Amino acid sequence: MPQLLTLSRAARLVGITRGALQSRIKAGELAAFEGMVSAEDLLRAYPEARLEDNTAFERFAQIKDSAFSRRVREHVLPNPEVLAARLTDMSRRLAQSRAGLDYYRSIVEHLQEKLRECDDSAAAPAAIAGLRAWLQHALEPDAEADAPQSLLVQDNFMRIMTAQVKVQPGGKEFFVEGNDTLLEAALRAGLSLGYGCSNGNCGLCKARVLEGQVQKTRHHDYVLSAAEKNAGIVLMCCNTAVIDLVIEAREAHGAMDMPLQNIAAKIKSVNPLGEDIRLLRLQTPRSNRLRFLAGQSVSLTLADGAAAACPVASCPCDDRNLEFHIERRAGDPFSEEVFTGLGSADIVRIEGPRGDFVLNEVSTRPLIFIACGGGFAPVKSLIEHAMALDVAETLQLYWMADGRTGHYLNNLCRSWADALDNFRYIPVTAEGDLTQGAVIRDVLERVLPAQAELAAHDVYVAGPGTFADEAEYLLLDRGLPPSQLAVNRLPAA
């Protein structure tokens, strides 16, 4: 019987995205059985995947080299109790496998003995002799079988270091590593699960354990009723996965599921990204983090009342540390104060999130992102969220800029392209004013894919109103279905 792996584990083992694996399955290049693949088929599709290339073992070597420093213990290894529980479960499953092997070995030995008795008879049919020869050959060691076994060794190692969690009813999956709680791991993987304080006080992150085992890692003041405990209800912010889990939890499926929040955050830093743009970093309280979807915006209000609507430029996976790209705007009190008057630890009031410029998480189509100037801020959030979800087959970023702001995070985009095989970055510098329709059309005509290719993608456009209008018209005119286009119109600088 073939050894089956979940798609998420299989993708990790061979070092590709889950989306790329699903693409091979859809193309008929890899067989799947109820959302799982066999180790043998996986290695046939990715013959370069071998034990020595496995990232899990590389990470283990890194742990040894760092002498189990405190940081590694906290962020890479599970705590001792969870590690011991996983090893116990692995030992139990190993004992069951050995018992099964012993049972089947006894059957085979008994069958061999019966075949020998038939073979010794002068009247034994030729078919019996052929069956005995086949059985003898089948029991000989097969060097080719070592390859899938190596992959399964890696999978066993991964099961000790990480636990896989499936969330029902949506069926999304994520891995819990190190000392992460269920909530931390889910957010890092790009899932939008329901939560509030992240600190064990509000009870909004309740989930029901359907299969598997969890362990409490943090104290919580919220009191679960006896009925909830009996039903397997736990707080995701205070529990981790001991072994693979299936849980039932609330998940946001769109902007309408995001509650409006009002949070007082501290300024962590204000750094220049260029002459006319600043990176504003805010940090929310530990017990009152901003829950938002990638691509959404919030209202920021300073102590003197100066306010602005700003897209969040960071990923929801880090809901406490928020980033904003603030452009200088003539006569705008908010931007002038960001550029000249704000200091570390000043308070900024956050209200939001708002907007429906969010990722279509149901779609597995390749993604195209088109940003103009400061429109890169919400696009950056979407890209980082798409990377965390790890389902898109390819991601392409076209960033149009002029001489005023330029590609102010060019090195970041290039680092994505260098690190990810499925990411392509195309920076475009306009020879003219990007507020003029003719210039915008010329820039877009030069870089957009052909009509047939474009229709197979989901496209996200963010930029000043004029740019967004021209881009939308051109994309729809080229045959992109409206349902595959999302547009974020930002105010002109």
# chains A, B, ... in the order shown; residues from 1 in each chain; ligands from 1
call {"tool": "residues_around", "arguments": {"residues": "Leu279 (chain A)", "least_positions_apart": "5", "cutoff": "10 Å", "atoms": "only C-alpha atoms", "output": "PyMOL selection string"}}
result
chain A and resi 269-274+313+323-327+338-339
call {"tool": "select_by_dssp", "arguments": {"residues": "region 96-321 of chain A", "states": "strand (DSSP E or B)", "output": "PyMOL selection string"}}
result
chain A and resi 162-168+172-177+193+206-211+214-216+233-235+239-241+245-249+251+261-274+277-283+297-301+307-311+321
call {"tool": "closest_atom_pairs", "arguments": {"of": "region 314-396 of chain A", "to": "region 242-260 of chain A", "cutoff": "10 Å", "atoms": "only C-alpha atoms", "output": "tab-separated table"}}
result
residue	atom	partner	partner_atom	distance
A:Glu351	CA	A:Leu260	CA	7.0
A:Gly352	CA	A:Leu260	CA	5.0
A:Pro353	CA	A:Leu260	CA	6.0
A:Arg354	CA	A:Ala255	CA	7.5
A:Gly355	CA	A:Ala255	CA	6.8
A:Asp356	CA	A:Ala255	CA	5.5
A:Phe357	CA	A:Ala255	CA	8.4
A:Val358	CA	A:Ala255	CA	7.4
A:Leu359	CA	A:Gly254	CA	8.7
A:Asn360	CA	A:Gly254	CA	8.5
A:Glu361	CA	A:His253	CA	8.3
A:Val362	CA	A:His253	CA	9.2
call {"tool": "atom_distance", "arguments": {"atom1": "CA of Ile347 (chain A)", "atom2": "CA of Pro285 (chain A)"}}
result
11.3 Å
call {"tool": "residues_around", "arguments": {"residues": "region 225-230 of chain A", "least_positions_apart": "3", "cutoff": "12 Å", "atoms": "only C-alpha atoms", "output": "PyMOL selection string"}}
result
chain A and resi 203+206-210+222+233-235
call {"tool": "atom_distance", "arguments": {"atom1": "CA of Thr405 (chain A)", "atom2": "CA of Ala307 (chain A)"}}
result
21.9 Å
call {"tool": "closest_residue", "arguments": {"among": "A:Arg105, A:His110, A:His457, A:Lys216", "to": "Thr364 (chain A)", "atoms": "only C-alpha atoms"}}
result
A:His457
call {"tool": "residues_around", "arguments": {"residues": "Ala10 (chain A)", "least_positions_apart": "6", "cutoff": "10 Å", "atoms": "only C-alpha atoms", "output": "JSON list (two decimals) with C-alpha atoms, in the first residue's frame"}}
result
[["chain", "number", "residue", "atom", "x", "y", "z"],
["A", 4, "LEU", "CA", 0.39, 8.95, 1.31],
["A", 16, "ILE", "CA", 7.81, 24.00, -3.80],
["A", 17, "THR", "CA", 4.57, 25.91, -3.23],
["A", 18, "ARG", "CA", 1.31, 24.11, -2.64],
["A", 21, "LEU", "CA", 1.92, 21.06, -6.69],
["A", 36, "MET", "CA", -3.02, 13.27, -0.89],
["A", 37, "VAL", "CA", -0.10, 12.04, -2.99],
["A", 38, "SER", "CA", 2.13, 9.00, -2.65],
["A", 39, "ALA", "CA", 5.82, 9.33, -1.86],
["A", 42, "LEU", "CA", 6.07, 12.60, -5.67],
["A", 43, "LEU", "CA", 9.65, 11.51, -6.29],
["A", 151, "LEU", "CA", 11.29, 10.97, 1.75],
["A", 155, "ASP", "CA", 8.32, 13.39, 6.74]]
call {"tool": "closest_residue", "arguments": {"among": "A:Ala241, A:Leu474, A:Ala265, A:Leu454", "to": "Arg441 (chain A)", "atoms": "only C-alpha atoms"}}
result
A:Leu474
call {"tool": "atom_distance", "arguments": {"atom1": "CA of Leu448 (chain A)", "atom2": "CA of Leu475 (chain A)"}}
result
8.6 Å
call {"tool": "residues_around", "arguments": {"residues": "Ile426 (chain A)", "least_positions_apart": "6", "cutoff": "9 Å", "atoms": "only C-alpha atoms", "output": "number ranges by chain"}}
result
A: 396-400, 447
call {"tool": "closest_residue", "arguments": {"among": "A:Tyr103, A:Phe334, A:Phe175, A:Phe369", "to": "Phe423 (chain A)", "atoms": "only C-alpha atoms"}}
result
A:Phe369
